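Enquirer: Once you've had a glance at the structure underneath, I'll fire off some questions.
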Amino acid sequence: MAVDVLLGLQWGDEGKGKIVDYLAPSYQCVARFQGGPNAGHTLVINGKKTVLHTIPSGIFHDDISNLIGNGVVIDPSTLMKEIATLEAIDLEWKSKLLIAQKAHLILPTHKVLDAASEAAKGKAKIGSTLKGIGPTYMDKTGRNGLRIGDVHLSGFKEKYEALKAKHLRLLKQYPDFEFSLEEEEAKWWEGIEGLKSIPVVDSAYYLGGLLAEGKNILAEGAQGSMLDIDFGTYPFVTSSNTTTSSACKGLGIPPSAIGEVIGITKAYCTRVGSGPFPTELFDDTGEELRKVGKEFGATTGRPRRCGWIDIPQLNYAIMINGVTQLVITKIDVMDSFDEVQAGVKYKYNGSSTAQLPFDMEGVEIEIEHQVFKGWKQALNSISNYQDLPGEAKEYLSFLEDTLKTPVKFVSTGPDRKDLIIR
């Protein structure tokens with residue numbers, strides 16, 4: 001069979017968790033392939049909200065394995081907190097959760113390095129979540145990292161102390177930055193003990209075996225395409241590759257195994273933290289999007305910047321990911337709007353274009369907009385696409401035609417049931 005990939009097409013927060021949760025029963029395994037606890041996948045099931053940071057979003061279904069892939073970086077104390085939230089709602093997770101042995105560990109000192117580095121940037125901050133993601137990936141590529149498999153080997157404590165000592169030497173670059181490790185380390189080692197109860201697998205062999213048996217796998221991405229370390233709005237990006245190709249190296253599967261690529265975008269656009277955002281709104285409309293859409297980070301709690309949907313950006317993300325079907329989320333947020341707009345062209349350096357510039361932060365971009373009449377009607381009670389008001393269908397048809405990709409799902413609310421399937 002094939003591995004279908006599900007990922008975000010904007011700057012994250014597109015609503016991936018809900019869609020994974022809906023699609024999961026069609027698969028035998030849901031596998032996270034990159035990122036770490038900087039992700040926040042929110043699921044609302046029967047009115048109850050759960051935020052997952054590391055655990056794949058298929059965990060709420062029986063008879064589905066959930067793999068934290070080797071491309072993910074794991075904070076043991078954060079993962080144990082997440083498991084505690086599942087236990088608090090009596091969710092059985094032990095028979096459904098697996099960890100790739102080659103996934104890297106986030107150390108307490110990684111988080112300190114992250115915070116010290118971000119503080120030293122002053123006004124040039126990139127908006128890091130301060131979860132230690134960047135320093136962990138740096139140690140991974142620098143061949144210094146600790147992996148899940150190391151936890152089960154002799155000498156793990158010595159390896160930890162050696163890496164910690166290296167980090168403490170690096171922290172001397174920031175003499176004015178004060179920190180204390182004692183409490184964080186105690187939680188971390190407690191988390192390590194908890195990790196030992198979770199089955200560990202070689203993700204390449206495990207997933208290869210499932211494919212050989214004809215099983216279906218859903219690869220779940222975190223963050224969004226515009227935060228990709230290579231193809232995002234660098235340097236205001238995350239530290240991993242967030243695009244389709246990352247599913248191969250983040251899980252150990254061949255490119256030939258990729259089937260459908262399901263891209264998720266909001267009906268408008270948001271961004272957390274610093275960095276370019278061409279269609280950002282600084283007026284009452286932007287504030288209304290934030291208020292109605294409850295646009296606050298699931299991981300950081302920070303208010304999200306809001307703006308109209310960005311067609312050049314989305315076409316770029318669809319192109320680099322090979323997207324085969326679209327999911328449009330949060331269209332209901334604009335139910336009361338008199339008009340809805342879409343950014344369709346960029347104007348910079350004296351010309352109009354649909355292509356993204358190399359340096360989106362260093363060039364002044366004007367946006368050419370297309371305006372649509374608002375539908376002025378609540379959409380969350382509608383379950384059939386044909387029953388949508390004509391204005392909403394006109395907007396969705398525009399997106400489908402302009403992005404040259406079929407819209408397969410339309411999310412009309414936060415709950416699992418608020419979803420139109422075409």
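Each chain of the structure tokens is named A, B, ... in the order shown, its residues numbered from 1; ligands are numbered from 1 in display order.
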Kindly assemble as JSON lines a list of the segment 8-83 of chain A residues that lie within 8 Å of segment 396-414 of chain A, each paired with its nearest atom pair and their distance in Å to one decimal, using only C-alpha atoms, sorted first by chain and then by ascending residue number.

Expert:
```
{"residue": "A:Lys18", "atom": "CA", "partner": "A:Pro414", "partner_atom": "CA", "distance": 7.7}
{"residue": "A:Leu43", "atom": "CA", "partner": "A:Pro414", "partner_atom": "CA", "distance": 7.6}
{"residue": "A:Val44", "atom": "CA", "partner": "A:Pro414", "partner_atom": "CA", "distance": 6.1}
```

Enquirer: Counting only C-alpha atoms, give me one row per residue of segment 117-232 of chain A with an atom at most 8 Å from an atom of segment 239-245 of chain A, showing the shortest contact pair and its distance in Å to one decimal, sorted by chain then residue number, as a tab-separated table.

Expert:
```
residue	atom	partner	partner_atom	distance
A:Ile133	CA	A:Ser239	CA	6.8
A:Gly134	CA	A:Ser239	CA	5.3
A:Tyr137	CA	A:Ser239	CA	6.6
A:Gly221	CA	A:Thr242	CA	6.5
A:Ala222	CA	A:Thr242	CA	6.7
A:Gln223	CA	A:Thr242	CA	6.8
A:Gly224	CA	A:Thr242	CA	6.2
A:Ser225	CA	A:Thr242	CA	5.5
A:Leu227	CA	A:Thr242	CA	6.9
A:Asp228	CA	A:Asn241	CA	4.8
A:Ile229	CA	A:Asn241	CA	5.5
A:Asp230	CA	A:Asn241	CA	6.9
```

Enquirer: Rank nothing, just name the residue among A:Asp139, A:Val333, A:Ser352, A:Glu368 nearest to Asn380 of chain A, using only C-alpha atoms.

Expert: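 Closest to Asn380 of chain A, using only C-alpha atoms: A:Val333.
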
Enquirer: Return as a ChimeraX atom specification the full set of residues in segment 66-212 of chain A whose backbone-based DSSP assignment is strand (DSSP E).

Expert: /A:66-68,73-74,97-100,104-105,200-201

Enquirer: Quick one: distance from atom CA of Tyr268 of chain A to atom CA of Val344 of chain A in Å, one decimal?

Expert: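 If I compute the distance from atom CA of Tyr268 of chain A to atom CA of Val344 of chain A, I get 12.7 Å.
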
Enquirer: Which residues, written as a ChimeraX atom specification, have at least one atom at most 7 Å from segment 186-196 of chain A, with only C-alpha atoms counted and residues fewer than 4 positions away on the same chain left out?

Expert: /A:76-77,80,182

Enquirer: Write out as a list in words each polymer residue whose atoms come within 7 Å of segment 308-315 of chain A, counting only C-alpha atoms; drop sequence neighbours fewer than 4 positions from it.

Expert: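 Close residues of segment 308-315 of chain A: Leu9, Ala267, Tyr268, Cys269, Thr279, Glu280, Met319, Gln341, Ala342, Gly343, Val344, Lys345, Ala354, Gln355, Leu356 and Leu403 of chain A.
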
Enquirer: Write out as a PyMOL selection string all residues of segment 66-179 of chain A that backbone DSSP assigns to alpha helix (DSSP H).

Expert: chain A and resi 76-88+108-120+133-141+148-151+156-171

Enquirer: Go ahead and compute the interatomic distance for atom CA of Phe60 of chain A and atom CA of Glu14 of chain A, in Å to one decimal.

Expert: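 Value for the atom CA of Phe60 of chain A-atom CA of Glu14 of chain A distance: 19.8 Å.
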
Enquirer: Do you have the atom CA of Leu105 of chain A-atom CA of Val72 of chain A distance handy?

Expert: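 Pair atom CA of Leu105 of chain A / atom CA of Val72 of chain A returns 8.9 Å.
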
Enquirer: Hey, what's within 7 Å of Tyr27 of chain A if we count only C-alpha atoms and toss same-chain stuff fewer than 6 positions away? As a PyMOL selection string, please?

Expert: chain A and resi 216-218

Enquirer: With a distance cut-off of 9 Å and only C-alpha atoms, select the neighbouring residues of Leu146 of chain A, excluding the residue or stretch itself and same-chain residues fewer than 6 positions from it, and output the selection as a PDB file with C-alpha atoms, in the first residue's frame.

Expert:
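Written output follows (out19.pdb):
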```pdb
ATOM      1  CA  LYS A 102      16.750   6.927  16.410  1.00  0.00           C
ATOM      2  CA  ALA A 103      14.673   9.925  17.561  1.00  0.00           C
ATOM      3  CA  HIS A 104      16.820  12.496  19.371  1.00  0.00           C
ATOM      4  CA  LEU A 105      16.374  13.647  22.953  1.00  0.00           C
ATOM      5  CA  ILE A 106      15.948  17.254  24.081  1.00  0.00           C
ATOM      6  CA  LEU A 107      18.066  17.868  27.198  1.00  0.00           C
ATOM      7  CA  ASP A 139      23.548  18.530  18.101  1.00  0.00           C
ATOM      8  CA  LYS A 140      21.941  16.003  15.762  1.00  0.00           C
ATOM      9  CA  PHE A 156      23.803   6.545  29.037  1.00  0.00           C
ATOM     10  CA  LYS A 159      26.892  10.338  27.661  1.00  0.00           C
ATOM     11  CA  TYR A 160      24.342  12.698  29.167  1.00  0.00           C
ATOM     12  CA  LEU A 163      26.787  16.533  26.422  1.00  0.00           C
TER      13      LEU A 163
END
```

Enquirer: Between A:Ile74, A:Leu170, A:Ala219, A:Leu113, which residue has the minimum interatomic distance to Pro56 of chain A, considering only C-alpha atoms?

Expert: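 Under the stated criterion, the closest residue is A:Ala219.
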
Enquirer: Of the residues A:Ser381, A:Gln173, A:Asn70, A:Thr329, which is the one nearest to Leu207 of chain A, using only C-alpha atoms?

Expert: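 Selected residue with least distance to Leu207 of chain A: A:Asn70.
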
Enquirer: So, with only C-alpha atoms as the atoms that count, which of A:Ala2, A:Ser65, A:Gly132, A:Glu391 lies closest to Asn38 of chain A?

Expert: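 For Asn38 of chain A, the nearest of the candidates is A:Gly132.
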